[in-house]
Every structure is written in structure tokens, then in C-alpha cells.
Amino acid sequence: MFVLGKEVVNLKYQQLAGQKWGRFLYTLIVGVLGALLFQLIHMPIPWLLGPMFLVLVGSKSIRSIQPYWPSAIRSSGMIIIGYTIGLSFTLETLHEIGRQLPTMILLTVLLLCCSFIIALIVSLVSGIPFPTVLMGSIPGGLTQMIPLAEEIKGVDLTVVTFLQVSRLMMIIFFVPVLVFSPLFGVQHHQQLASTIPGVSSGWQDLFPSILVFAVVCTLFAIIGNKVKLPTAYLLGPMIATILLNLSGYHGHALPTLIINFSQMFVGIYVGMLLKPEQLNKKLKIIVLAILSGIILISCSIGLSLLLTKLHDVTLVTAFLSLSPGGMDQMGIIAKEAGAELSVVICYQLFRTLFIFIAVPPLLKAVFKRVLRKTAVRH
């Protein structure tokens with residue numbers, strides 16, 4: 001009787017493991033557990049990194065059930081993130097960008113040149129192909145650069161993600177320490193728990209405008225994908241939100257729950273794509289990732305000093321404006337440190353837009369040339 005019952009359980013388990021809905025449910029549960037675990041231990045961006053980590057571990061340790069995550073869910077997460085980024089672009093930020101546009105272009109290009117040089121050195125030392133290292137070194141944000149890396153042939157997504165996550169972790173931990181150190185002479189302005197105005201809102205505030213934004217953002221994502229727009233499901237909604245905002249039709253920030261789930265949708269998808277067993281020379285790559293992150297932060301400090309000479313801004317405002325981290329994290333730190341939030345958001349947003357619009361075509365052109373030369377040699 002016991003053996004028969006065990007066989008029935010095993011049969012049900014195998015059926016569950018073989019069905020897409022069962023694999024999807026398993027993946028969702030693992031993703032939520034990863035997010036809650038990382039939130040419990042106070043890790044940065046837990047709803048992105050937690051699901052990514054636990055799905056990665058689960059896919060390698062439990063072979064009997066392979067995770068399943070439809071690309072449509074990942075795309076919906078990207079649309080939500082694109083909408084959230086687009087909300088930051090208002091008439092105020094447009095005027096500020098217009099006033100400091102030459103400086104923004106100059107400093108953004110210089111920061112990207114620093115990334116280019118760092119990537120070249122890391123590639124030569126580690127032997128990792130230059131396109132892969134460059135994609136992992138560009139300070140475009142984890143959720144922005146990984147989808148772009150997927151679209152470029154010959155790029156190792158595992159290495160790109162590792163380099164991006166390593167740099168992001170260093171920035172999230174080290175930038176606040178630097179900002180509140182004697183180097184900047186900043187005292188805590190208010191509690192870190194305070195958030196940027198408009199970061200989240202109640203459910204009742206969303207309607208009916210959210211319906212318009214949902215339709216337009218989805219249409220822009222689909223059209224962008226049809227015309228081969230880089231990271232179309234992120235850039236398309238972001239452009240749609242910016243256009244609607246500037247036309248006078250304002251959207252509301254999404255509740256934290258939706259933002260968290262959108263990050264989890266992307267984090268689970270990335271966790272399934274990672275292949276750590278293919279990461280050669282692990283120790284060397286870890287050391288080089290840490291060193292490159294330190295050098296990039298040092299370059300940001302140098303460029304910040306230049307910004308204080310060009311415009312009447314404090315050093316902490318300049319540093320947070322040019323730090324190679326996410327706009328949301330830098331905005332929260334800027335609010336706590338008493339920096340000029342509008343300036344920080346403008347520079348961070350401009351770099352995001354510049355990387356989205358100008359960098360992908362340039363990278364694709366450069367990588368095609370590199371791959372063509374490599375093919376000729378062989």
C-alpha cells in the first residue's frame with residue numbers, strides 16, 4: 001500500500017514537472033521566495049536580484065523540474081519599468097536638460113569613454129571578448145543593458161549580468177558611504193526610508209489615466225519591436241510616457257507592489273538565462289569586476305569635480321548626478337543628503353536616454369566590424 005501510494009505521488013510529481021502550468025507555478029513561487037528572502041536580509045533591489053538568484057540556484061539544484069517563464073510576462077515587466085522611467089521626464093526636467101545640455105553631453109560621453117577604456121583593459125587582461133566586457137561595463141543599469149545584450153550576437157549574457165550586478169552592488173553600498181564620508185562633508189538630511197516624491201501612489205490615483213497609458217505604452221512596445229527598436233519593450237513605453245507627459249496628460253506613479261512584481265518578472269527571466277558553469281576563470285573575473293567598479297566610481301568623482309567648475313552645483317549633487325548607478329537609487333540618496341534632486345534626476349535620466357538611443361546602434365556597428373575582422377582572420 002505504501003509503495004503504491006509513493007508511486008502515485010511520483011507519477012503526479014512527474015506530470016506536474018512536465019506540464020507548463022506546473023513549471024510556471026513552481027518558477028513563480030521560487031521567484032517570490034527569492035524576493036522575500038532578499039528583502040528580509042536587506043539586500044539592494046531585492047525583487048530583481050532575489051528572484052534572479054533563487055531561480056538560478058533552483059534550476060541548477062532541482063533537475064527534475066525545469067523553470068518555465070513566458071517571454072510575454074517578462075515583456076510586460078519591461079513595459080512597466082519603461083513607464084516608470086518615463087514618468088520622471090517632465091517639463092521641469094526638460095528645461096533643466098536644455099539649460100545644461102552641452103555639459104550633459106560632454107560628461108556622459110566622457111563617462112562612456114572611461115567605461116570603454118576600462119572594458120578594453122579588462123578584456124586584454126582576462127581574455128574575455130571585448131563586446132561582452134563592454135556590455136557589462138556600460139553604466140546603463142541592469143534592467144536596461146541585459147535586454148540589449150540579448151539582442152547582440154556573440155555576447156555572453158552570464159558575464160554581462162555578473163559584471164553589471166557586481167558594479168551595481170558596489171555602487172549601492174559604496175556611494176552612500178562616500179557621500180556621507182568626510183570627503184563630501186554631508187550630514188544625514190533625513191531618514192533613508194523617505195522616498196522620492198511620486199515614487200509610488202495609491203491604487204485609487206491610477207484610474208482612469210493608467211488605462212490610456214497602458215494601451216499607448218503597449219502599442220509603442222509592439223511597434224518598437226516590429227521596427228527593431230533596441231530594447232523595444234522598455235524604450236517604447238518610456239518614449240510613449242514621455243510624449244504623453246509633455247503633451248499635458250500626466251500619469252501617476254505605480255504602487256510599490258506593481259513595481260516590485262515588474263522587477264521580479266524580469267529577474268526570473270534573467271535567472272533562467274544565466275549559465276554560471278560557463279563562466280571561466282571565476283576568481284580573475286571577480287577581481288577584475290571589483291577593480292573596474294572602483295575605477296569607474298573614481299572616474300565619476302573626477303567628472304563631478306569638473307561639473308562643479310562648469311555649473312554652480314555642490315560636489316555631492318555633481319557626484320550623484322554622474323554616479324553610474326540607477327536613477328531611483330541615486331534619487332533616494334540625493335534626497336537624504338540634501339542634494340539638488342532635479343539636477344540629479346536630469347543627469348541620470350539624460351544618460352539613460354542617451355544610452356538607449358545613441359549607444360545601441362553604435363555598439364551594433366562596432367561589434368559587427370569586430371566580428372567581421374575576426375571572421376576574416378580565421
# chains A, B, ... in the order shown; residues from 1 in each chain; ligands from 1
call {"tool": "closest_atom_pairs", "arguments": {"of": "segment 200-239 of chain A", "to": "segment 85-102 of chain A", "cutoff": "10 Å", "atoms": "only C-alpha atoms", "output": "Markdown table"}}
result
| residue | atom | partner | partner_atom | distance |
| --- | --- | --- | --- | --- |
| A:Leu234 | CA | A:Ile85 | CA | 9.2 |
| A:Leu235 | CA | A:Gly86 | CA | 9.0 |
| A:Gly236 | CA | A:Gly86 | CA | 9.9 |
| A:Pro237 | CA | A:Gly86 | CA | 7.6 |
| A:Met238 | CA | A:Gly86 | CA | 4.5 |
| A:Ile239 | CA | A:Gly86 | CA | 6.7 |
call {"tool": "write_last_selection", "arguments": {"atoms": "all heavy atoms", "output": "PDB file, in the first residue's frame"}}
result
ATOM      1  N   LEU A 234      11.099  48.157 -23.445  1.00  0.00           N
ATOM      2  CA  LEU A 234      11.461  49.116 -22.411  1.00  0.00           C
ATOM      3  C   LEU A 234      11.462  50.538 -22.973  1.00  0.00           C
ATOM      4  O   LEU A 234      10.848  51.448 -22.414  1.00  0.00           O
ATOM      5  CB  LEU A 234      12.838  48.772 -21.843  1.00  0.00           C
ATOM      6  CG  LEU A 234      13.290  49.580 -20.631  1.00  0.00           C
ATOM      7  CD1 LEU A 234      12.469  49.204 -19.409  1.00  0.00           C
ATOM      8  CD2 LEU A 234      14.760  49.328 -20.348  1.00  0.00           C
ATOM      9  N   LEU A 235      12.132  50.724 -24.108  1.00  0.00           N
ATOM     10  CA  LEU A 235      12.274  52.047 -24.706  1.00  0.00           C
ATOM     11  C   LEU A 235      10.960  52.556 -25.282  1.00  0.00           C
ATOM     12  O   LEU A 235      10.641  53.739 -25.166  1.00  0.00           O
ATOM     13  CB  LEU A 235      13.354  52.007 -25.791  1.00  0.00           C
ATOM     14  CG  LEU A 235      13.750  53.346 -26.415  1.00  0.00           C
ATOM     15  CD1 LEU A 235      14.175  54.327 -25.337  1.00  0.00           C
ATOM     16  CD2 LEU A 235      14.871  53.152 -27.422  1.00  0.00           C
ATOM     17  N   GLY A 236      10.159  51.670 -25.909  1.00  0.00           N
ATOM     18  CA  GLY A 236       8.889  52.082 -26.494  1.00  0.00           C
ATOM     19  C   GLY A 236       7.949  52.689 -25.468  1.00  0.00           C
ATOM     20  O   GLY A 236       7.474  53.821 -25.634  1.00  0.00           O
ATOM     21  N   PRO A 237       7.641  51.989 -24.365  1.00  0.00           N
ATOM     22  CA  PRO A 237       6.790  52.568 -23.317  1.00  0.00           C
ATOM     23  C   PRO A 237       7.369  53.834 -22.693  1.00  0.00           C
ATOM     24  O   PRO A 237       6.627  54.738 -22.326  1.00  0.00           O
ATOM     25  CB  PRO A 237       6.706  51.444 -22.282  1.00  0.00           C
ATOM     26  CG  PRO A 237       6.951  50.201 -23.060  1.00  0.00           C
ATOM     27  CD  PRO A 237       7.942  50.579 -24.112  1.00  0.00           C
ATOM     28  N   MET A 238       8.706  53.882 -22.574  1.00  0.00           N
ATOM     29  CA  MET A 238       9.326  55.068 -21.992  1.00  0.00           C
ATOM     30  C   MET A 238       9.089  56.286 -22.889  1.00  0.00           C
ATOM     31  O   MET A 238       8.723  57.366 -22.412  1.00  0.00           O
ATOM     32  CB  MET A 238      10.832  54.840 -21.804  1.00  0.00           C
ATOM     33  CG  MET A 238      11.502  55.943 -21.027  1.00  0.00           C
ATOM     34  SD  MET A 238      13.222  55.563 -20.627  1.00  0.00           S
ATOM     35  CE  MET A 238      13.983  55.682 -22.234  1.00  0.00           C
ATOM     36  N   ILE A 239       9.260  56.109 -24.207  1.00  0.00           N
ATOM     37  CA  ILE A 239       9.006  57.198 -25.155  1.00  0.00           C
ATOM     38  C   ILE A 239       7.527  57.602 -25.127  1.00  0.00           C
ATOM     39  O   ILE A 239       7.194  58.795 -25.127  1.00  0.00           O
ATOM     40  CB  ILE A 239       9.424  56.777 -26.574  1.00  0.00           C
ATOM     41  CG1 ILE A 239      10.944  56.600 -26.647  1.00  0.00           C
ATOM     42  CG2 ILE A 239       8.966  57.807 -27.617  1.00  0.00           C
ATOM     43  CD1 ILE A 239      11.436  56.021 -27.958  1.00  0.00           C
TER      44      ILE A 239
END
call {"tool": "select_by_dssp", "arguments": {"residues": "segment 118-334 of chain A", "states": "helix (DSSP H, G or I)", "output": "PyMOL selection string"}}
result
chain A and resi 118-126+130-137+142-151+157-179+203-205+209-226+232-246+256-273+276-278+282-310+315-322+327-334
call {"tool": "residues_around", "arguments": {"residues": "Ser321 of chain A", "least_positions_apart": "4", "cutoff": "7 Å", "atoms": "only C-alpha atoms", "output": "list in words"}}
result
Thr317, Val343, Val344, Tyr347 and Gln348 of chain A
call {"tool": "atom_distance", "arguments": {"atom1": "atom CA of Ile333 of chain A", "atom2": "atom CA of Leu315 of chain A"}}
result
13.8 Å
call {"tool": "atom_distance", "arguments": {"atom1": "atom CA of Leu322 of chain A", "atom2": "atom CA of Ala149 of chain A"}}
result
23.0 Å
call {"tool": "residues_around", "arguments": {"residues": "Val216 of chain A", "least_positions_apart": "3", "cutoff": "10 Å", "atoms": "only C-alpha atoms", "output": "list in words"}}
result
Ile210, Leu211, Val212, Phe213, Leu219, Phe220, Ala221, Ile222, Gly236, Pro237, Ala240, Thr241 and Leu244 of chain A
call {"tool": "write_last_selection", "arguments": {"atoms": "all heavy atoms", "output": "CSV table (one decimal), in the first residue's frame"}}
result
chain,number,residue,atom,x,y,z
A,210,ILE,N,-4.3,55.6,-16.1
A,210,ILE,CA,-3.5,54.4,-16.3
A,210,ILE,C,-4.0,53.5,-17.5
A,210,ILE,O,-3.1,52.9,-18.1
A,210,ILE,CB,-3.4,53.5,-15.0
A,210,ILE,CG1,-2.3,52.5,-15.1
A,210,ILE,CG2,-4.8,52.9,-14.7
A,210,ILE,CD1,-0.9,53.0,-15.2
A,211,LEU,N,-5.3,53.6,-17.7
A,211,LEU,CA,-5.8,52.8,-18.9
A,211,LEU,C,-5.3,53.3,-20.2
A,211,LEU,O,-4.9,52.6,-21.1
A,211,LEU,CB,-7.3,52.8,-18.9
A,211,LEU,CG,-8.0,52.2,-17.6
A,211,LEU,CD1,-9.5,52.4,-17.7
A,211,LEU,CD2,-7.6,50.7,-17.5
A,212,VAL,N,-5.2,54.7,-20.3
A,212,VAL,CA,-4.7,55.3,-21.5
A,212,VAL,C,-3.2,55.0,-21.7
A,212,VAL,O,-2.7,54.6,-22.7
A,212,VAL,CB,-4.9,56.8,-21.5
A,212,VAL,CG1,-4.2,57.5,-22.7
A,212,VAL,CG2,-6.4,57.1,-21.4
A,213,PHE,N,-2.4,55.1,-20.6
A,213,PHE,CA,-1.0,54.8,-20.6
A,213,PHE,C,-0.8,53.4,-20.9
A,213,PHE,O,0.2,53.0,-21.7
A,213,PHE,CB,-0.4,55.2,-19.3
A,213,PHE,CG,0.0,56.7,-19.2
A,213,PHE,CD1,-0.9,57.6,-18.6
A,213,PHE,CD2,1.2,57.2,-19.7
A,213,PHE,CE1,-0.6,58.9,-18.5
A,213,PHE,CE2,1.5,58.5,-19.6
A,213,PHE,CZ,0.6,59.4,-19.0
A,219,LEU,N,1.2,49.6,-27.2
A,219,LEU,CA,1.2,49.8,-28.7
A,219,LEU,C,2.6,50.3,-29.1
A,219,LEU,O,3.2,49.8,-30.1
A,219,LEU,CB,0.2,50.9,-29.1
A,219,LEU,CG,-1.2,50.4,-29.2
A,219,LEU,CD1,-2.2,51.6,-29.5
A,219,LEU,CD2,-1.4,49.3,-30.2
A,220,PHE,N,3.2,51.2,-28.3
A,220,PHE,CA,4.6,51.6,-28.6
A,220,PHE,C,5.6,50.5,-28.5
A,220,PHE,O,6.6,50.4,-29.3
A,220,PHE,CB,5.0,52.8,-27.7
A,220,PHE,CG,4.7,54.1,-28.3
A,220,PHE,CD1,3.4,54.5,-28.6
A,220,PHE,CD2,5.7,55.0,-28.6
A,220,PHE,CE1,3.1,55.8,-29.1
A,220,PHE,CE2,5.4,56.3,-29.1
A,220,PHE,CZ,4.1,56.7,-29.4
A,221,ALA,N,5.4,49.6,-27.5
A,221,ALA,CA,6.3,48.5,-27.3
A,221,ALA,C,6.2,47.5,-28.5
A,221,ALA,O,7.2,47.0,-29.1
A,221,ALA,CB,5.9,47.7,-26.0
A,222,ILE,N,4.9,47.2,-29.0
A,222,ILE,CA,4.7,46.3,-30.1
A,222,ILE,C,5.3,46.9,-31.4
A,222,ILE,O,6.0,46.2,-32.2
A,222,ILE,CB,3.2,46.0,-30.3
A,222,ILE,CG1,2.7,45.2,-29.0
A,222,ILE,CG2,3.0,45.2,-31.5
A,222,ILE,CD1,1.2,45.0,-29.0
A,236,GLY,N,10.2,51.7,-25.9
A,236,GLY,CA,8.9,52.1,-26.5
A,236,GLY,C,7.9,52.7,-25.5
A,236,GLY,O,7.5,53.8,-25.6
A,237,PRO,N,7.6,52.0,-24.4
A,237,PRO,CA,6.8,52.6,-23.3
A,237,PRO,C,7.4,53.8,-22.7
A,237,PRO,O,6.6,54.7,-22.3
A,237,PRO,CB,6.7,51.4,-22.3
A,237,PRO,CG,7.0,50.2,-23.1
A,237,PRO,CD,7.9,50.6,-24.1
A,240,ALA,N,6.6,56.6,-25.1
A,240,ALA,CA,5.2,56.9,-25.1
A,240,ALA,C,4.8,57.7,-23.8
A,240,ALA,O,4.1,58.7,-23.9
A,240,ALA,CB,4.4,55.6,-25.1
A,241,THR,N,5.4,57.3,-22.7
A,241,THR,CA,5.1,58.0,-21.4
A,241,THR,C,5.6,59.5,-21.4
A,241,THR,O,4.9,60.4,-21.0
A,241,THR,CB,5.7,57.3,-20.2
A,241,THR,OG1,5.2,55.9,-20.2
A,241,THR,CG2,5.3,57.9,-18.9
A,244,LEU,N,3.3,61.6,-23.7
A,244,LEU,CA,2.0,61.9,-23.1
A,244,LEU,C,2.2,62.9,-21.9
A,244,LEU,O,1.4,63.8,-21.8
A,244,LEU,CB,1.4,60.6,-22.5
A,244,LEU,CG,0.8,59.7,-23.6
A,244,LEU,CD1,0.4,58.3,-22.9
A,244,LEU,CD2,-0.5,60.3,-24.2
call {"tool": "closest_residue", "arguments": {"among": "A:Leu353, A:Ile297, A:Val57, A:Lys309", "to": "Leu178 of chain A", "atoms": "only C-alpha atoms"}}
result
A:Ile297
call {"tool": "atom_distance", "arguments": {"atom1": "atom CA of Ala318 of chain A", "atom2": "atom CA of Ser137 of chain A"}}
result
21.1 Å
call {"tool": "residues_around", "arguments": {"residues": "segment 262-272 of chain A", "least_positions_apart": "4", "cutoff": "10 Å", "atoms": "only C-alpha atoms", "output": "compact mmCIF listing (two decimals) with N, CA, C and O atoms, in the first residue's frame"}}
result
# COMPACT_ATOMS: atom_id res chain seq x y z
N THR A 27 8.09 28.12 -10.81
CA THR A 27 9.00 29.25 -11.06
C THR A 27 8.52 30.50 -10.34
O THR A 27 9.33 31.24 -9.75
N LEU A 28 7.22 30.74 -10.38
CA LEU A 28 6.65 31.91 -9.71
C LEU A 28 6.88 31.84 -8.20
O LEU A 28 7.28 32.84 -7.57
N VAL A 30 9.19 30.15 -6.56
CA VAL A 30 10.63 30.33 -6.30
C VAL A 30 11.01 31.81 -6.39
O VAL A 30 11.78 32.33 -5.57
N GLY A 31 10.48 32.50 -7.42
CA GLY A 31 10.78 33.92 -7.59
C GLY A 31 10.30 34.75 -6.42
O GLY A 31 11.04 35.62 -5.92
N VAL A 32 9.09 34.52 -5.96
CA VAL A 32 8.54 35.27 -4.82
C VAL A 32 9.36 34.99 -3.55
O VAL A 32 9.68 35.91 -2.79
N GLY A 34 12.48 34.10 -3.41
CA GLY A 34 13.77 34.79 -3.56
C GLY A 34 13.66 36.27 -3.23
O GLY A 34 14.53 36.83 -2.54
N ALA A 35 12.59 36.91 -3.70
CA ALA A 35 12.39 38.33 -3.42
C ALA A 35 12.20 38.58 -1.92
O ALA A 35 12.80 39.51 -1.35
N ILE A 45 17.73 46.20 -4.22
CA ILE A 45 16.75 45.80 -5.24
C ILE A 45 16.38 44.31 -5.11
O ILE A 45 16.63 43.51 -6.02
N PRO A 46 15.78 43.94 -3.98
CA PRO A 46 15.52 42.51 -3.70
C PRO A 46 14.58 41.85 -4.69
O PRO A 46 14.70 40.65 -4.95
N TRP A 47 13.63 42.61 -5.27
CA TRP A 47 12.66 42.00 -6.18
C TRP A 47 13.22 41.76 -7.57
O TRP A 47 12.57 41.15 -8.41
N LEU A 48 14.42 42.23 -7.81
CA LEU A 48 15.12 41.91 -9.06
C LEU A 48 16.18 40.85 -8.82
O LEU A 48 16.22 39.81 -9.49
N LEU A 49 17.05 41.10 -7.84
CA LEU A 49 18.18 40.19 -7.59
C LEU A 49 17.75 38.91 -6.88
O LEU A 49 18.32 37.84 -7.14
N GLY A 50 16.74 38.99 -5.99
CA GLY A 50 16.29 37.81 -5.26
C GLY A 50 15.74 36.72 -6.18
O GLY A 50 16.22 35.57 -6.14
N PRO A 51 14.74 37.03 -7.01
CA PRO A 51 14.24 36.03 -7.96
C PRO A 51 15.33 35.53 -8.92
O PRO A 51 15.38 34.35 -9.24
N MET A 52 16.19 36.44 -9.37
CA MET A 52 17.26 36.05 -10.28
C MET A 52 18.15 35.00 -9.63
O MET A 52 18.47 33.97 -10.25
N PHE A 53 18.53 35.22 -8.38
CA PHE A 53 19.43 34.31 -7.68
C PHE A 53 18.77 32.97 -7.38
O PHE A 53 19.34 31.91 -7.67
N LEU A 54 17.54 32.99 -6.81
CA LEU A 54 16.92 31.74 -6.39
C LEU A 54 16.47 30.89 -7.56
O LEU A 54 16.55 29.66 -7.51
N VAL A 55 16.01 31.52 -8.65
CA VAL A 55 15.66 30.76 -9.86
C VAL A 55 16.91 30.13 -10.45
O VAL A 55 16.89 28.98 -10.91
N LEU A 56 18.02 30.87 -10.43
CA LEU A 56 19.29 30.32 -10.92
C LEU A 56 19.70 29.11 -10.08
O LEU A 56 20.03 28.05 -10.64
N VAL A 57 19.63 29.22 -8.76
CA VAL A 57 20.00 28.12 -7.87
C VAL A 57 19.05 26.95 -8.05
O VAL A 57 19.46 25.78 -8.13
N GLY A 58 17.75 27.25 -8.14
CA GLY A 58 16.75 26.20 -8.29
C GLY A 58 16.90 25.42 -9.58
O GLY A 58 16.74 24.19 -9.60
N SER A 59 17.23 26.12 -10.66
CA SER A 59 17.36 25.44 -11.95
C SER A 59 18.57 24.53 -12.00
O SER A 59 18.60 23.57 -12.77
N LYS A 60 19.58 24.83 -11.16
CA LYS A 60 20.79 24.00 -11.15
C LYS A 60 20.73 22.87 -10.12
O LYS A 60 21.35 21.83 -10.30
N GLN A 66 12.21 21.87 -14.50
CA GLN A 66 12.88 22.97 -15.15
C GLN A 66 11.98 24.20 -15.13
O GLN A 66 10.80 24.11 -15.45
N PRO A 67 12.50 25.36 -14.73
CA PRO A 67 11.68 26.57 -14.67
C PRO A 67 11.09 26.91 -16.04
O PRO A 67 11.70 26.63 -17.08
N TYR A 68 9.92 27.51 -16.02
CA TYR A 68 9.27 27.98 -17.25
C TYR A 68 8.72 29.37 -16.99
O TYR A 68 8.00 29.60 -16.02
N TRP A 69 9.09 30.29 -17.85
CA TRP A 69 8.66 31.69 -17.69
C TRP A 69 8.41 32.28 -19.08
O TRP A 69 9.36 32.55 -19.81
N PRO A 70 7.16 32.48 -19.46
CA PRO A 70 6.86 33.00 -20.80
C PRO A 70 7.49 34.37 -21.04
O PRO A 70 7.52 35.22 -20.14
N SER A 71 7.99 34.56 -22.24
CA SER A 71 8.63 35.84 -22.58
C SER A 71 7.62 36.99 -22.51
O SER A 71 8.00 38.14 -22.31
N ALA A 72 6.33 36.69 -22.69
CA ALA A 72 5.30 37.73 -22.63
C ALA A 72 5.23 38.36 -21.24
O ALA A 72 5.01 39.58 -21.11
N ILE A 73 5.45 37.56 -20.20
CA ILE A 73 5.43 38.10 -18.83
C ILE A 73 6.64 38.98 -18.60
O ILE A 73 6.56 40.05 -18.01
N ARG A 74 7.78 38.52 -19.08
CA ARG A 74 9.00 39.34 -18.99
C ARG A 74 8.80 40.66 -19.73
O ARG A 74 9.17 41.74 -19.24
N SER A 75 8.18 40.61 -20.92
CA SER A 75 7.93 41.82 -21.69
C SER A 75 7.00 42.77 -20.96
O SER A 75 7.18 44.00 -21.00
N SER A 76 5.99 42.23 -20.27
CA SER A 76 5.07 43.08 -19.51
C SER A 76 5.82 43.79 -18.37
O SER A 76 5.54 44.95 -18.06
N GLY A 77 6.76 43.08 -17.76
CA GLY A 77 7.58 43.70 -16.72
C GLY A 77 8.42 44.84 -17.27
O GLY A 77 8.56 45.90 -16.65
N MET A 78 8.96 44.65 -18.48
CA MET A 78 9.76 45.69 -19.12
C MET A 78 8.90 46.91 -19.45
O MET A 78 9.34 48.05 -19.34
N ILE A 79 7.66 46.68 -19.89
CA ILE A 79 6.74 47.79 -20.20
C ILE A 79 6.48 48.63 -18.95
O ILE A 79 6.50 49.87 -19.00
N ILE A 80 6.26 47.95 -17.82
CA ILE A 80 6.01 48.67 -16.57
C ILE A 80 7.22 49.49 -16.16
O ILE A 80 7.10 50.65 -15.74
N ILE A 81 8.42 48.90 -16.28
CA ILE A 81 9.65 49.62 -15.93
C ILE A 81 9.84 50.82 -16.86
O ILE A 81 10.23 51.91 -16.43
N LEU A 142 21.06 47.59 -14.81
CA LEU A 142 20.92 46.16 -15.03
C LEU A 142 19.74 45.83 -15.94
O LEU A 142 19.84 45.05 -16.87
N THR A 143 18.58 46.46 -15.67
CA THR A 143 17.39 46.14 -16.44
C THR A 143 17.44 46.69 -17.86
O THR A 143 16.66 46.28 -18.71
N ILE A 146 20.88 44.32 -19.97
CA ILE A 146 20.71 42.88 -20.21
C ILE A 146 19.82 42.60 -21.42
O ILE A 146 20.18 41.78 -22.28
N PRO A 147 18.66 43.27 -21.56
CA PRO A 147 17.86 43.05 -22.78
C PRO A 147 18.62 43.42 -24.05
O PRO A 147 18.48 42.77 -25.08
N LEU A 157 25.83 36.52 -22.06
CA LEU A 157 24.89 37.15 -21.15
C LEU A 157 25.26 36.92 -19.69
O LEU A 157 25.05 37.79 -18.85
N THR A 158 25.81 35.75 -19.38
CA THR A 158 26.19 35.45 -18.00
C THR A 158 27.27 36.41 -17.50
O THR A 158 27.17 36.95 -16.40
N THR A 161 25.81 40.00 -17.14
CA THR A 161 25.00 40.13 -15.93
C THR A 161 25.87 40.17 -14.69
O THR A 161 25.65 40.98 -13.78
N THR A 256 3.94 50.43 -5.09
CA THR A 256 5.18 49.67 -4.90
C THR A 256 5.03 48.21 -5.29
O THR A 256 5.95 47.59 -5.83
N LEU A 257 3.85 47.64 -5.02
CA LEU A 257 3.62 46.23 -5.32
C LEU A 257 3.79 45.94 -6.82
O LEU A 257 4.42 44.95 -7.20
N ILE A 258 3.25 46.82 -7.66
CA ILE A 258 3.36 46.62 -9.11
C ILE A 258 4.82 46.76 -9.55
O ILE A 258 5.31 45.96 -10.36
call {"tool": "closest_residue", "arguments": {"among": "A:Ile357, A:Ile290, A:Leu120, A:Leu111", "to": "Pro324 of chain A", "atoms": "only C-alpha atoms"}}
result
A:Leu111
